[in-house]
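Structure file input_38.cif (mmCIF, C-alpha atoms) is printed below.
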```
data_input
loop_
_atom_site.group_PDB
_atom_site.id
_atom_site.type_symbol
_atom_site.label_atom_id
_atom_site.label_comp_id
_atom_site.auth_asym_id
_atom_site.auth_seq_id
_atom_site.Cartn_x
_atom_site.Cartn_y
_atom_site.Cartn_z
ATOM 1 C CA MET A 1 -84.469 34.160 137.854
ATOM 2 C CA PRO A 2 -85.853 32.323 134.785
ATOM 3 C CA LYS A 3 -84.188 33.247 131.513
ATOM 4 C CA HIS A 4 -85.957 35.461 128.976
ATOM 5 C CA VAL A 5 -88.390 36.880 131.552
ATOM 6 C CA ARG A 6 -88.919 40.587 131.037
ATOM 7 C CA ALA A 7 -89.755 42.865 133.960
ATOM 8 C CA TYR A 8 -93.307 44.248 133.841
ATOM 9 C CA TRP A 9 -92.292 47.372 135.787
ATOM 10 C CA LYS A 10 -89.138 48.849 137.298
ATOM 11 C CA GLY A 11 -88.969 51.472 140.015
ATOM 12 C CA PHE A 12 -88.813 51.870 143.778
ATOM 13 C CA LEU A 13 -90.618 50.544 146.842
ATOM 14 C CA ARG A 14 -90.799 53.065 149.673
ATOM 15 C CA LEU A 15 -91.615 52.620 153.356
ATOM 16 C CA SER A 16 -91.411 56.059 154.985
ATOM 17 C CA LEU A 17 -87.750 57.042 154.557
ATOM 18 C CA VAL A 18 -86.654 53.616 153.328
ATOM 19 C CA THR A 19 -86.535 53.397 149.526
ATOM 20 C CA ILE A 20 -85.293 50.349 147.621
ATOM 21 C CA GLY A 21 -85.072 49.535 143.937
ATOM 22 C CA VAL A 22 -87.468 46.790 142.783
ATOM 23 C CA GLU A 23 -88.566 45.003 139.639
ATOM 24 C CA ILE A 24 -92.018 43.507 139.098
ATOM 25 C CA TYR A 25 -92.710 40.321 137.128
ATOM 26 C CA ASN A 26 -95.974 38.716 136.102
ATOM 27 C CA ALA A 27 -96.676 35.762 138.426
ATOM 28 C CA VAL A 28 -99.227 34.144 136.089
ATOM 29 C CA GLU A 29 -98.194 31.865 133.223
ATOM 30 C CA SER A 30 -100.527 32.861 130.377
ATOM 31 C CA LYS A 31 -99.134 30.131 128.100
ATOM 32 C CA ALA A 32 -100.625 27.464 130.388
ATOM 33 C CA GLU A 33 -104.063 28.076 128.866
ATOM 34 C CA ILE A 34 -104.680 26.899 125.318
ATOM 35 C CA SER A 35 -105.971 29.556 122.942
ATOM 36 C CA PHE A 36 -107.413 29.108 119.462
ATOM 37 C CA ARG A 37 -107.359 31.039 116.183
ATOM 38 C CA GLN A 38 -110.051 30.980 113.522
ATOM 39 C CA ILE A 39 -108.804 29.125 110.435
ATOM 40 C CA HIS A 40 -110.171 28.941 106.901
ATOM 41 C CA LYS A 41 -110.668 25.157 106.612
ATOM 42 C CA PRO A 42 -110.163 24.727 102.816
ATOM 43 C CA SER A 43 -106.852 26.647 102.764
ATOM 44 C CA GLY A 44 -105.675 26.158 106.347
ATOM 45 C CA LYS A 45 -104.862 29.862 106.608
ATOM 46 C CA ARG A 46 -105.741 32.177 109.443
ATOM 47 C CA VAL A 47 -108.882 34.322 109.097
ATOM 48 C CA ASN A 48 -108.258 38.077 109.047
ATOM 49 C CA TYR A 49 -110.779 40.753 109.874
ATOM 50 C CA GLU A 50 -111.477 44.028 108.126
ATOM 51 C CA LYS A 51 -112.950 46.989 109.970
ATOM 52 C CA VAL A 52 -116.190 48.080 108.342
ATOM 53 C CA VAL A 53 -119.029 50.476 109.101
ATOM 54 C CA GLN A 54 -122.585 49.555 108.185
ATOM 55 C CA GLY A 55 -123.669 51.508 105.105
ATOM 56 C CA ILE A 56 -120.127 52.734 104.441
ATOM 57 C CA GLY A 57 -117.950 49.676 104.076
ATOM 58 C CA LYS A 58 -114.244 49.263 104.786
ATOM 59 C CA ILE A 59 -112.610 52.121 106.701
ATOM 60 C CA ASP A 60 -109.057 53.227 107.546
ATOM 61 C CA ASN A 61 -107.587 52.870 111.035
ATOM 62 C CA ALA A 62 -106.818 56.588 111.000
ATOM 63 C CA ASP A 63 -110.558 57.320 111.002
ATOM 64 C CA ILE A 64 -111.247 55.300 114.161
ATOM 65 C CA VAL A 65 -111.608 57.023 117.543
ATOM 66 C CA LYS A 66 -112.777 55.830 120.953
ATOM 67 C CA GLY A 67 -116.415 56.330 121.873
ATOM 68 C CA TYR A 68 -118.418 56.064 125.112
ATOM 69 C CA GLU A 69 -122.062 55.003 124.742
ATOM 70 C CA VAL A 70 -124.381 57.378 126.625
ATOM 71 C CA ASP A 71 -127.594 56.049 125.076
ATOM 72 C CA LYS A 72 -128.555 53.449 122.523
ATOM 73 C CA ASP A 73 -126.473 54.151 119.396
ATOM 74 C CA THR A 74 -125.430 57.514 120.851
ATOM 75 C CA TYR A 75 -121.755 58.048 121.638
ATOM 76 C CA ILE A 76 -119.393 60.686 122.952
ATOM 77 C CA THR A 77 -116.197 60.431 120.917
ATOM 78 C CA LEU A 78 -112.788 61.021 122.392
ATOM 79 C CA GLU A 79 -109.671 61.955 120.460
ATOM 80 C CA PRO A 80 -106.276 60.462 121.437
ATOM 81 C CA ASP A 81 -105.222 63.880 122.771
ATOM 82 C CA ASP A 82 -108.304 63.971 125.025
ATOM 83 C CA ILE A 83 -107.353 60.657 126.632
ATOM 84 C CA ASP A 84 -103.664 61.556 126.904
ATOM 85 C CA ALA A 85 -104.635 64.721 128.774
ATOM 86 C CA VAL A 86 -106.133 62.738 131.687
ATOM 87 C CA LYS A 87 -103.470 60.041 131.851
ATOM 88 C CA LEU A 88 -101.426 60.178 135.017
ATOM 89 C CA GLU A 89 -97.707 60.704 134.951
ATOM 90 C CA SER A 90 -95.968 57.376 135.491
ATOM 91 C CA LYS A 91 -94.420 57.710 138.942
ATOM 92 C CA LYS A 92 -91.677 55.175 139.541
ATOM 93 C CA THR A 93 -92.393 54.717 143.240
ATOM 94 C CA ILE A 94 -94.697 52.330 145.107
ATOM 95 C CA ASP A 95 -95.336 54.267 148.302
ATOM 96 C CA LEU A 96 -96.690 52.056 151.116
ATOM 97 C CA VAL A 97 -99.218 54.436 152.679
ATOM 98 C CA GLN A 98 -101.251 52.056 154.881
ATOM 99 C CA PHE A 99 -101.086 48.585 156.424
ATOM 100 C CA VAL A 100 -104.004 46.244 157.106
ATOM 101 C CA ASP A 101 -104.484 42.703 158.368
ATOM 102 C CA ALA A 102 -104.279 40.298 155.442
ATOM 103 C CA GLU A 103 -107.616 38.647 156.310
ATOM 104 C CA ASP A 104 -109.380 42.023 156.278
ATOM 105 C CA ILE A 105 -109.195 42.257 152.483
ATOM 106 C CA ASP A 106 -112.241 40.676 150.856
ATOM 107 C CA TYR A 107 -110.971 38.143 148.304
ATOM 108 C CA ARG A 108 -113.230 39.705 145.648
ATOM 109 C CA TYR A 109 -110.764 42.597 145.486
ATOM 110 C CA PHE A 110 -107.811 40.453 144.385
ATOM 111 C CA GLU A 111 -107.274 40.541 140.628
ATOM 112 C CA ARG A 112 -103.772 39.490 139.532
ATOM 113 C CA PRO A 113 -100.488 38.637 141.295
ATOM 114 C CA TYR A 114 -96.968 39.848 140.479
ATOM 115 C CA PHE A 115 -93.570 38.985 141.939
ATOM 116 C CA VAL A 116 -91.568 41.850 143.450
ATOM 117 C CA THR A 117 -87.776 41.401 143.479
ATOM 118 C CA PRO A 118 -84.863 43.661 144.522
ATOM 119 C CA THR A 119 -83.007 45.215 141.608
ATOM 120 C CA ASP A 120 -79.543 44.628 143.053
ATOM 121 C CA GLU A 121 -77.587 43.532 146.121
ATOM 122 C CA LEU A 122 -77.698 47.039 147.584
ATOM 123 C CA SER A 123 -81.520 46.943 147.619
ATOM 124 C CA GLY A 124 -81.579 43.433 149.042
ATOM 125 C CA GLU A 125 -81.071 44.374 152.700
ATOM 126 C CA GLY A 126 -83.988 46.813 152.825
ATOM 127 C CA TYR A 127 -86.073 44.319 150.820
ATOM 128 C CA VAL A 128 -85.719 41.485 153.353
ATOM 129 C CA VAL A 129 -86.336 43.903 156.248
ATOM 130 C CA ILE A 130 -89.703 44.926 154.753
ATOM 131 C CA ARG A 131 -90.518 41.284 153.940
ATOM 132 C CA ASP A 132 -89.820 40.048 157.465
ATOM 133 C CA ALA A 133 -91.613 42.985 159.084
ATOM 134 C CA LEU A 134 -94.756 42.271 157.069
ATOM 135 C CA ARG A 135 -94.544 38.569 157.918
ATOM 136 C CA LYS A 136 -94.030 39.224 161.642
ATOM 137 C CA THR A 137 -96.958 41.647 161.896
ATOM 138 C CA GLY A 138 -99.292 39.694 159.623
ATOM 139 C CA LYS A 139 -99.936 42.856 157.640
ATOM 140 C CA VAL A 140 -100.022 43.756 153.966
ATOM 141 C CA GLY A 141 -99.030 47.163 152.646
ATOM 142 C CA LEU A 142 -101.400 49.192 150.469
ATOM 143 C CA ALA A 143 -100.212 51.525 147.730
ATOM 144 C CA GLN A 144 -101.137 52.948 144.347
ATOM 145 C CA ILE A 145 -98.996 52.473 141.284
ATOM 146 C CA THR A 146 -99.265 54.211 137.910
ATOM 147 C CA ILE A 147 -98.715 52.051 134.830
ATOM 148 C CA SER A 148 -99.432 53.247 131.283
ATOM 149 C CA GLY A 149 -101.303 56.265 132.601
ATOM 150 C CA ARG A 150 -103.680 54.234 134.766
ATOM 151 C CA GLU A 151 -103.572 54.184 138.553
ATOM 152 C CA TRP A 152 -103.839 50.781 140.243
ATOM 153 C CA LEU A 153 -104.534 49.923 143.867
ATOM 154 C CA VAL A 154 -102.084 47.246 145.017
ATOM 155 C CA ALA A 155 -101.275 45.178 148.094
ATOM 156 C CA ILE A 156 -97.712 44.113 148.965
ATOM 157 C CA ALA A 157 -97.332 40.927 151.031
ATOM 158 C CA PRO A 158 -94.624 38.375 151.899
ATOM 159 C CA LEU A 159 -94.472 35.191 149.821
ATOM 160 C CA ASP A 160 -91.868 32.470 150.455
ATOM 161 C CA ASP A 161 -88.489 34.257 150.321
ATOM 162 C CA GLY A 162 -89.806 37.366 148.619
ATOM 163 C CA LEU A 163 -92.683 39.773 148.148
ATOM 164 C CA VAL A 164 -95.787 39.548 146.003
ATOM 165 C CA MET A 165 -97.815 42.466 144.677
ATOM 166 C CA GLU A 166 -101.515 41.847 144.134
ATOM 167 C CA MET A 167 -103.476 44.141 141.839
ATOM 168 C CA LEU A 168 -106.701 45.081 143.631
ATOM 169 C CA ARG A 169 -110.034 46.131 142.223
ATOM 170 C CA TYR A 170 -111.522 49.430 143.341
ATOM 171 C CA GLU A 171 -114.694 49.363 145.445
ATOM 172 C CA GLU A 172 -116.825 50.816 142.645
ATOM 173 C CA GLU A 173 -115.919 47.857 140.393
ATOM 174 C CA LEU A 174 -117.681 45.333 142.630
ATOM 175 C CA ARG A 175 -121.367 44.538 142.480
ATOM 176 C CA LYS A 176 -123.327 44.684 145.737
ATOM 177 C CA PRO A 177 -123.964 41.218 147.240
ATOM 178 C CA ALA A 178 -127.371 42.309 148.566
ATOM 179 C CA ASP A 179 -128.628 42.661 144.993
ATOM 180 C CA PHE A 180 -128.060 38.941 144.433
ATOM 181 C CA PHE A 181 -128.666 37.388 147.860
ATOM 182 C CA ASP A 182 -132.072 38.960 148.522
ATOM 183 C CA GLU A 183 -133.831 35.620 147.949
ATOM 184 C CA VAL A 184 -131.678 33.644 150.406
ATOM 185 C CA PRO A 185 -133.993 32.242 153.136
ATOM 186 C CA GLY A 186 -133.963 34.406 156.261
ATOM 187 C CA ALA A 187 -135.025 31.681 158.702
ATOM 188 C CA LYS A 188 -132.322 30.044 160.814
ATOM 189 C CA PRO A 189 -131.474 26.492 159.719
ATOM 190 C CA ASP A 190 -131.865 23.472 161.971
ATOM 191 C CA LYS A 191 -129.074 23.485 164.589
ATOM 192 C CA GLU A 192 -128.372 19.768 164.213
ATOM 193 C CA MET A 193 -127.970 20.098 160.449
ATOM 194 C CA VAL A 194 -125.484 22.932 160.940
ATOM 195 C CA GLU A 195 -123.509 20.802 163.414
ATOM 196 C CA LEU A 196 -123.439 17.923 160.940
ATOM 197 C CA ALA A 197 -122.202 20.273 158.217
ATOM 198 C CA VAL A 198 -119.495 21.594 160.599
ATOM 199 C CA GLN A 199 -118.328 18.020 161.272
ATOM 200 C CA LEU A 200 -118.228 17.249 157.569
ATOM 201 C CA ILE A 201 -116.151 20.369 156.897
ATOM 202 C CA GLY A 202 -113.810 19.443 159.737
ATOM 203 C CA LYS A 203 -113.252 15.947 158.357
ATOM 204 C CA LYS A 204 -112.467 17.302 154.904
ATOM 205 C CA THR A 205 -110.207 20.131 156.109
ATOM 206 C CA ALA A 206 -106.577 19.909 154.977
ATOM 207 C CA ALA A 207 -103.708 22.125 153.926
ATOM 208 C CA PHE A 208 -104.192 23.869 150.594
ATOM 209 C CA LYS A 209 -102.277 21.968 147.915
ATOM 210 C CA PRO A 210 -103.217 23.424 144.526
ATOM 211 C CA GLU A 211 -101.236 20.746 142.679
ATOM 212 C CA LYS A 212 -103.921 18.228 143.691
ATOM 213 C CA PHE A 213 -106.451 20.004 141.465
ATOM 214 C CA GLN A 214 -106.446 19.731 137.701
ATOM 215 C CA ASP A 215 -108.170 21.613 134.900
ATOM 216 C CA HIS A 216 -109.721 18.594 133.188
ATOM 217 C CA TYR A 217 -110.854 20.636 130.187
ATOM 218 C CA GLN A 218 -107.323 21.909 129.470
ATOM 219 C CA THR A 219 -105.923 18.402 129.979
ATOM 220 C CA ALA A 220 -108.406 16.959 127.496
ATOM 221 C CA LEU A 221 -107.611 19.721 124.978
ATOM 222 C CA LYS A 222 -103.874 19.058 125.230
ATOM 223 C CA ALA A 223 -104.435 15.313 124.744
ATOM 224 C CA LEU A 224 -106.683 16.047 121.754
ATOM 225 C CA ILE A 225 -104.018 18.276 120.173
ATOM 226 C CA GLN A 226 -101.348 15.629 120.726
ATOM 227 C CA ASP A 227 -103.576 13.054 119.004
ATOM 228 C CA LYS A 228 -103.989 15.428 116.079
ATOM 229 C CA LEU A 229 -100.246 15.977 115.834
ATOM 230 C CA LYS A 230 -99.633 12.245 115.733
ATOM 231 C CA GLY A 231 -102.300 11.710 113.093
ATOM 232 C CA ARG A 232 -104.432 9.553 115.330
ATOM 233 C CA LYS A 233 -108.153 9.099 115.132
ATOM 234 C CA ILE A 234 -109.751 11.590 117.483
ATOM 235 C CA VAL A 235 -111.381 9.977 120.513
ATOM 236 C CA ALA A 236 -112.975 11.467 123.598
ATOM 237 C CA HIS A 237 -110.664 11.383 126.612
ATOM 238 C CA GLU A 238 -112.593 10.271 129.639
ATOM 239 C CA GLN A 239 -112.223 12.399 132.765
ATOM 240 C CA ASP A 240 -113.182 11.395 136.277
ATOM 241 C CA ARG A 241 -116.122 13.422 137.464
ATOM 242 C CA PRO A 242 -118.047 13.264 140.722
ATOM 243 C CA LYS A 243 -121.269 11.271 140.606
ATOM 244 C CA GLY A 244 -124.231 11.378 142.932
ATOM 245 C CA GLY A 245 -127.952 11.062 143.216
ATOM 246 C CA ASN A 246 -130.502 13.759 143.804
ATOM 247 C CA ILE A 247 -130.974 13.596 147.576
ATOM 248 C CA VAL A 248 -133.977 15.628 148.648
ATOM 249 C CA ASP A 249 -133.661 15.143 152.435
ATOM 250 C CA LEU A 250 -130.864 17.548 153.501
ATOM 251 C CA MET A 251 -130.603 16.090 157.016
ATOM 252 C CA GLU A 252 -130.263 12.559 155.645
ATOM 253 C CA ALA A 253 -127.660 13.716 153.115
ATOM 254 C CA LEU A 254 -125.575 15.359 155.861
ATOM 255 C CA LYS A 255 -125.778 12.311 158.111
ATOM 256 C CA ARG A 256 -124.781 10.002 155.291
ATOM 257 C CA SER A 257 -121.893 12.300 154.339
ATOM 258 C CA VAL A 258 -120.562 12.454 157.905
ATOM 259 C CA GLY A 259 -120.982 8.702 158.304
ATOM 260 C CA ALA A 260 -119.145 8.035 155.042
ATOM 261 C CA THR A 261 -116.049 9.869 156.272
ATOM 262 C CA GLY A 262 -115.918 7.918 159.565
ATOM 263 C CA THR A 263 -115.119 9.276 163.029
ATOM 264 C CA LYS A 264 -111.812 10.657 164.221
ATOM 265 C CA ASP A 265 -111.903 9.299 167.783
ATOM 266 C CA GLY A 266 -112.760 5.722 166.816
ATOM 267 C CA SER A 267 -115.372 5.548 169.595
ATOM 268 C CA GLY A 268 -118.140 4.439 167.290
ATOM 269 C CA LYS A 269 -120.276 7.334 168.497
ATOM 270 C CA SER A 270 -121.671 10.171 166.435
ATOM 271 C CA PRO A 271 -119.494 13.320 166.873
ATOM 272 C CA ALA A 272 -122.661 15.433 166.759
ATOM 273 C CA THR A 273 -124.683 13.765 169.501
ATOM 274 C CA GLY A 274 -122.334 11.386 171.317
ATOM 275 C CA LYS A 275 -124.800 8.579 170.624
ATOM 276 C CA PRO A 276 -123.901 5.301 168.911
ATOM 277 C CA LYS A 277 -123.664 5.728 165.165
ATOM 278 C CA ALA A 278 -126.711 4.776 163.141
ATOM 279 C CA ARG A 279 -126.532 1.681 161.006
ATOM 280 C CA SER A 280 -125.318 2.239 157.496
ATOM 281 C CA ALA A 281 -127.778 2.785 154.686
ATOM 282 C CA LYS A 282 -126.899 -0.664 153.351
ATOM 283 C CA LYS A 283 -127.794 -2.403 156.642
ATOM 284 C CA ARG A 284 -131.008 -0.408 156.996
ATOM 285 C CA ALA A 285 -131.975 -1.523 153.522
#
```

As structure tokens, how would this structure be written, given the file I've shared?
Amino acid sequence: MPKHVRAYWKGFLRLSLVTIGVEIYNAVESKAEISFRQIHKPSGKRVNYEKVVQGIGKIDNADIVKGYEVDKDTYITLEPDDIDAVKLESKKTIDLVQFVDAEDIDYRYFERPYFVTPTDELSGEGYVVIRDALRKTGKVGLAQITISGREWLVAIAPLDDGLVMEMLRYEEELRKPADFFDEVPGAKPDKEMVELAVQLIGKKTAAFKPEKFQDHYQTALKALIQDKLKGRKIVAHEQDRPKGGNIVDLMEALKRSVGATGTKDGSGKSPATGKPKARSAKKRA
């Protein structure tokens, strides 16, 4: 366990009559992303904000309440006691009420991951039993957890030697795909083009290795900050970016893409048709 990591939540994980103590930790490193503050350039001091109301001026925090907009510039105000009255009691148990196949959960529902660990050695045996059972069945457990008065839908799944809890969005939070895909062409695409695209995907298929991908913007920002710290003249840090022309002919683009990756069987024939490969674009030219 890393030092100085505070548990996000402590309680119990329950599977029917099996209850074990668990602790939950944030699995996302928020410090990895650079954040900025607004600074007053002449003095170098941070800019502060005062809360004001148009036509009134500066106001006290004690006079501020929450409001829900029901129409333009029309709000229903809620007092702190009103909101506290609907907050749920923080139950300290994650009760696994249903199990589903992992691939059945649309990835749009996943919001944020957390590590789930046993609180002590006594909880460890039940913990590994649940972990291995989930792994063997290929299932994830669904539950609801109450944190700070709000009820979250969560999924519990095996991860390496432990368990991960994924916060899930509720169905009503997602927009309907049909509202955005209504202009997608309804006609079936050319079969040969689909086959070419399938071959191209197959040639580029590999195990997921996230370390191969880099946030070039964050890298450039970090390099820029280091230059500033060292008093260097600020220069733009070049980043490799994909280049390509505007190819109008989709079939030609697919054929060229498949040809560029080569064939797996070394037969010199096109995987799509079994015919000898076409000459390269350079030779045709």

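Among the candidate residues A:Gly202, A:Gly186, A:Pro210, A:Pro113, the one lying nearest to Met167 of chain A is A:Pro113, with distances computed using all atoms listed in the file.
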
re atom CA of Trp152 of chain A and atom CA of Glu166 of chain A: distance 10.0 Å

Expanded to explicit residues, what is the PyMOL selection byres ((chain A and resi 7) around 9) for this file, as an MDAnalysis selection string? chainID A and resid 5:6 8:10 23:26

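Taking atom CA of Ile156 of chain A and atom CA of Val140 of chain A as the two end points, the separation is 5.5 Å.
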
Which residues are close to Tyr68 of chain A, i.e. within 8 Å by all atoms listed in the file, leaving aside same-chain residues fewer than 2 positions away? Reply as a PyMOL selection string. chain A and resi 66+70+75-78

With the PyMOL selection byres ((chain A and resi 34) around 12) as the selection, what would be picked from this file? Answer as a list in words, please.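 Taken on the displayed file, the PyMOL selection byres ((chain A and resi 34) around 12) yields the residues Glu29, Ser30, Lys31, Ala32, Glu33, Ser35, Phe36, Arg37, Asp215, Tyr217, Gln218, Thr219, Ala220, Leu221, Lys222, Ala223, Leu224 and Ile225 of chain A.
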
Any chance you can output those residues with C-alpha atoms as a short mmCIF file (atom, residue, chain, number, x, y, z; two decimals), in the frame of the given file?
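Output contents, as saved in again_17.cif:
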```cif
data_model
loop_
_atom_site.label_atom_id
_atom_site.label_comp_id
_atom_site.auth_asym_id
_atom_site.auth_seq_id
_atom_site.Cartn_x
_atom_site.Cartn_y
_atom_site.Cartn_z
CA GLU A 29 -98.19 31.86 133.22
CA SER A 30 -100.53 32.86 130.38
CA LYS A 31 -99.13 30.13 128.10
CA ALA A 32 -100.62 27.46 130.39
CA GLU A 33 -104.06 28.08 128.87
CA SER A 35 -105.97 29.56 122.94
CA PHE A 36 -107.41 29.11 119.46
CA ARG A 37 -107.36 31.04 116.18
CA ASP A 215 -108.17 21.61 134.90
CA TYR A 217 -110.85 20.64 130.19
CA GLN A 218 -107.32 21.91 129.47
CA THR A 219 -105.92 18.40 129.98
CA ALA A 220 -108.41 16.96 127.50
CA LEU A 221 -107.61 19.72 124.98
CA LYS A 222 -103.87 19.06 125.23
CA ALA A 223 -104.44 15.31 124.74
CA LEU A 224 -106.68 16.05 121.75
CA ILE A 225 -104.02 18.28 120.17
#
```

Please rebuild segment 151-177 of chain A with N, CA and C atoms and return the result as a PDB file, keeping the file's coordinate frame.
```pdb
ATOM      1  N   GLU A 151    -103.964  54.355 137.168  1.00  0.00           N
ATOM      2  CA  GLU A 151    -103.572  54.184 138.553  1.00  0.00           C
ATOM      3  C   GLU A 151    -104.219  52.926 139.131  1.00  0.00           C
ATOM      4  N   TRP A 152    -103.375  52.043 139.675  1.00  0.00           N
ATOM      5  CA  TRP A 152    -103.839  50.781 140.243  1.00  0.00           C
ATOM      6  C   TRP A 152    -103.690  50.795 141.756  1.00  0.00           C
ATOM      7  N   LEU A 153    -104.648  50.173 142.438  1.00  0.00           N
ATOM      8  CA  LEU A 153    -104.534  49.923 143.867  1.00  0.00           C
ATOM      9  C   LEU A 153    -103.860  48.566 144.029  1.00  0.00           C
ATOM     10  N   VAL A 154    -102.825  48.497 144.867  1.00  0.00           N
ATOM     11  CA  VAL A 154    -102.084  47.246 145.017  1.00  0.00           C
ATOM     12  C   VAL A 154    -101.856  46.937 146.488  1.00  0.00           C
ATOM     13  N   ALA A 155    -101.628  45.642 146.756  1.00  0.00           N
ATOM     14  CA  ALA A 155    -101.275  45.178 148.094  1.00  0.00           C
ATOM     15  C   ALA A 155     -99.940  44.451 148.000  1.00  0.00           C
ATOM     16  N   ILE A 156     -99.029  44.755 148.909  1.00  0.00           N
ATOM     17  CA  ILE A 156     -97.712  44.113 148.965  1.00  0.00           C
ATOM     18  C   ILE A 156     -97.686  43.185 150.172  1.00  0.00           C
ATOM     19  N   ALA A 157     -97.321  41.911 149.950  1.00  0.00           N
ATOM     20  CA  ALA A 157     -97.332  40.927 151.031  1.00  0.00           C
ATOM     21  C   ALA A 157     -96.147  39.978 150.880  1.00  0.00           C
ATOM     22  N   PRO A 158     -95.722  39.346 151.986  1.00  0.00           N
ATOM     23  CA  PRO A 158     -94.624  38.375 151.899  1.00  0.00           C
ATOM     24  C   PRO A 158     -95.080  37.088 151.240  1.00  0.00           C
ATOM     25  N   LEU A 159     -94.185  36.471 150.474  1.00  0.00           N
ATOM     26  CA  LEU A 159     -94.472  35.191 149.821  1.00  0.00           C
ATOM     27  C   LEU A 159     -93.167  34.407 149.725  1.00  0.00           C
ATOM     28  N   ASP A 160     -93.088  33.269 150.420  1.00  0.00           N
ATOM     29  CA  ASP A 160     -91.868  32.470 150.455  1.00  0.00           C
ATOM     30  C   ASP A 160     -90.676  33.364 150.850  1.00  0.00           C
ATOM     31  N   ASP A 161     -89.662  33.450 150.001  1.00  0.00           N
ATOM     32  CA  ASP A 161     -88.489  34.257 150.321  1.00  0.00           C
ATOM     33  C   ASP A 161     -88.591  35.693 149.821  1.00  0.00           C
ATOM     34  N   GLY A 162     -89.704  36.045 149.224  1.00  0.00           N
ATOM     35  CA  GLY A 162     -89.806  37.366 148.619  1.00  0.00           C
ATOM     36  C   GLY A 162     -91.099  38.084 148.930  1.00  0.00           C
ATOM     37  N   LEU A 163     -91.469  38.973 148.023  1.00  0.00           N
ATOM     38  CA  LEU A 163     -92.683  39.773 148.148  1.00  0.00           C
ATOM     39  C   LEU A 163     -93.553  39.567 146.914  1.00  0.00           C
ATOM     40  N   VAL A 164     -94.849  39.627 147.115  1.00  0.00           N
ATOM     41  CA  VAL A 164     -95.787  39.548 146.003  1.00  0.00           C
ATOM     42  C   VAL A 164     -96.638  40.807 146.006  1.00  0.00           C
ATOM     43  N   MET A 165     -96.929  41.314 144.823  1.00  0.00           N
ATOM     44  CA  MET A 165     -97.815  42.466 144.677  1.00  0.00           C
ATOM     45  C   MET A 165     -99.106  41.997 144.018  1.00  0.00           C
ATOM     46  N   GLU A 166    -100.218  42.254 144.669  1.00  0.00           N
ATOM     47  CA  GLU A 166    -101.515  41.847 144.134  1.00  0.00           C
ATOM     48  C   GLU A 166    -102.265  43.078 143.645  1.00  0.00           C
ATOM     49  N   MET A 167    -102.622  43.071 142.360  1.00  0.00           N
ATOM     50  CA  MET A 167    -103.476  44.141 141.839  1.00  0.00           C
ATOM     51  C   MET A 167    -104.858  43.997 142.481  1.00  0.00           C
ATOM     52  N   LEU A 168    -105.394  45.101 142.983  1.00  0.00           N
ATOM     53  CA  LEU A 168    -106.701  45.081 143.631  1.00  0.00           C
ATOM     54  C   LEU A 168    -107.727  45.852 142.805  1.00  0.00           C
ATOM     55  N   ARG A 169    -108.943  45.390 142.857  1.00  0.00           N
ATOM     56  CA  ARG A 169    -110.034  46.131 142.223  1.00  0.00           C
ATOM     57  C   ARG A 169    -110.457  47.273 143.146  1.00  0.00           C
ATOM     58  N   TYR A 170    -110.981  48.341 142.547  1.00  0.00           N
ATOM     59  CA  TYR A 170    -111.522  49.430 143.341  1.00  0.00           C
ATOM     60  C   TYR A 170    -112.947  49.077 143.778  1.00  0.00           C
ATOM     61  N   GLU A 171    -113.386  49.691 144.857  1.00  0.00           N
ATOM     62  CA  GLU A 171    -114.694  49.363 145.445  1.00  0.00           C
ATOM     63  C   GLU A 171    -115.830  49.530 144.439  1.00  0.00           C
ATOM     64  N   GLU A 172    -115.742  50.545 143.597  1.00  0.00           N
ATOM     65  CA  GLU A 172    -116.825  50.816 142.645  1.00  0.00           C
ATOM     66  C   GLU A 172    -116.925  49.761 141.542  1.00  0.00           C
ATOM     67  N   GLU A 173    -115.896  48.906 141.413  1.00  0.00           N
ATOM     68  CA  GLU A 173    -115.919  47.857 140.393  1.00  0.00           C
ATOM     69  C   GLU A 173    -116.733  46.640 140.829  1.00  0.00           C
ATOM     70  N   LEU A 174    -117.008  46.524 142.118  1.00  0.00           N
ATOM     71  CA  LEU A 174    -117.681  45.333 142.630  1.00  0.00           C
ATOM     72  C   LEU A 174    -119.188  45.534 142.713  1.00  0.00           C
ATOM     73  N   ARG A 175    -119.913  44.516 142.330  1.00  0.00           N
ATOM     74  CA  ARG A 175    -121.367  44.538 142.480  1.00  0.00           C
ATOM     75  C   ARG A 175    -121.738  44.296 143.939  1.00  0.00           C
ATOM     76  N   LYS A 176    -122.892  44.805 144.346  1.00  0.00           N
ATOM     77  CA  LYS A 176    -123.327  44.684 145.737  1.00  0.00           C
ATOM     78  C   LYS A 176    -123.944  43.301 145.976  1.00  0.00           C
ATOM     79  N   PRO A 177    -123.431  42.564 146.972  1.00  0.00           N
ATOM     80  CA  PRO A 177    -123.964  41.218 147.240  1.00  0.00           C
ATOM     81  C   PRO A 177    -125.461  41.214 147.526  1.00  0.00           C
TER      82      PRO A 177
END
```
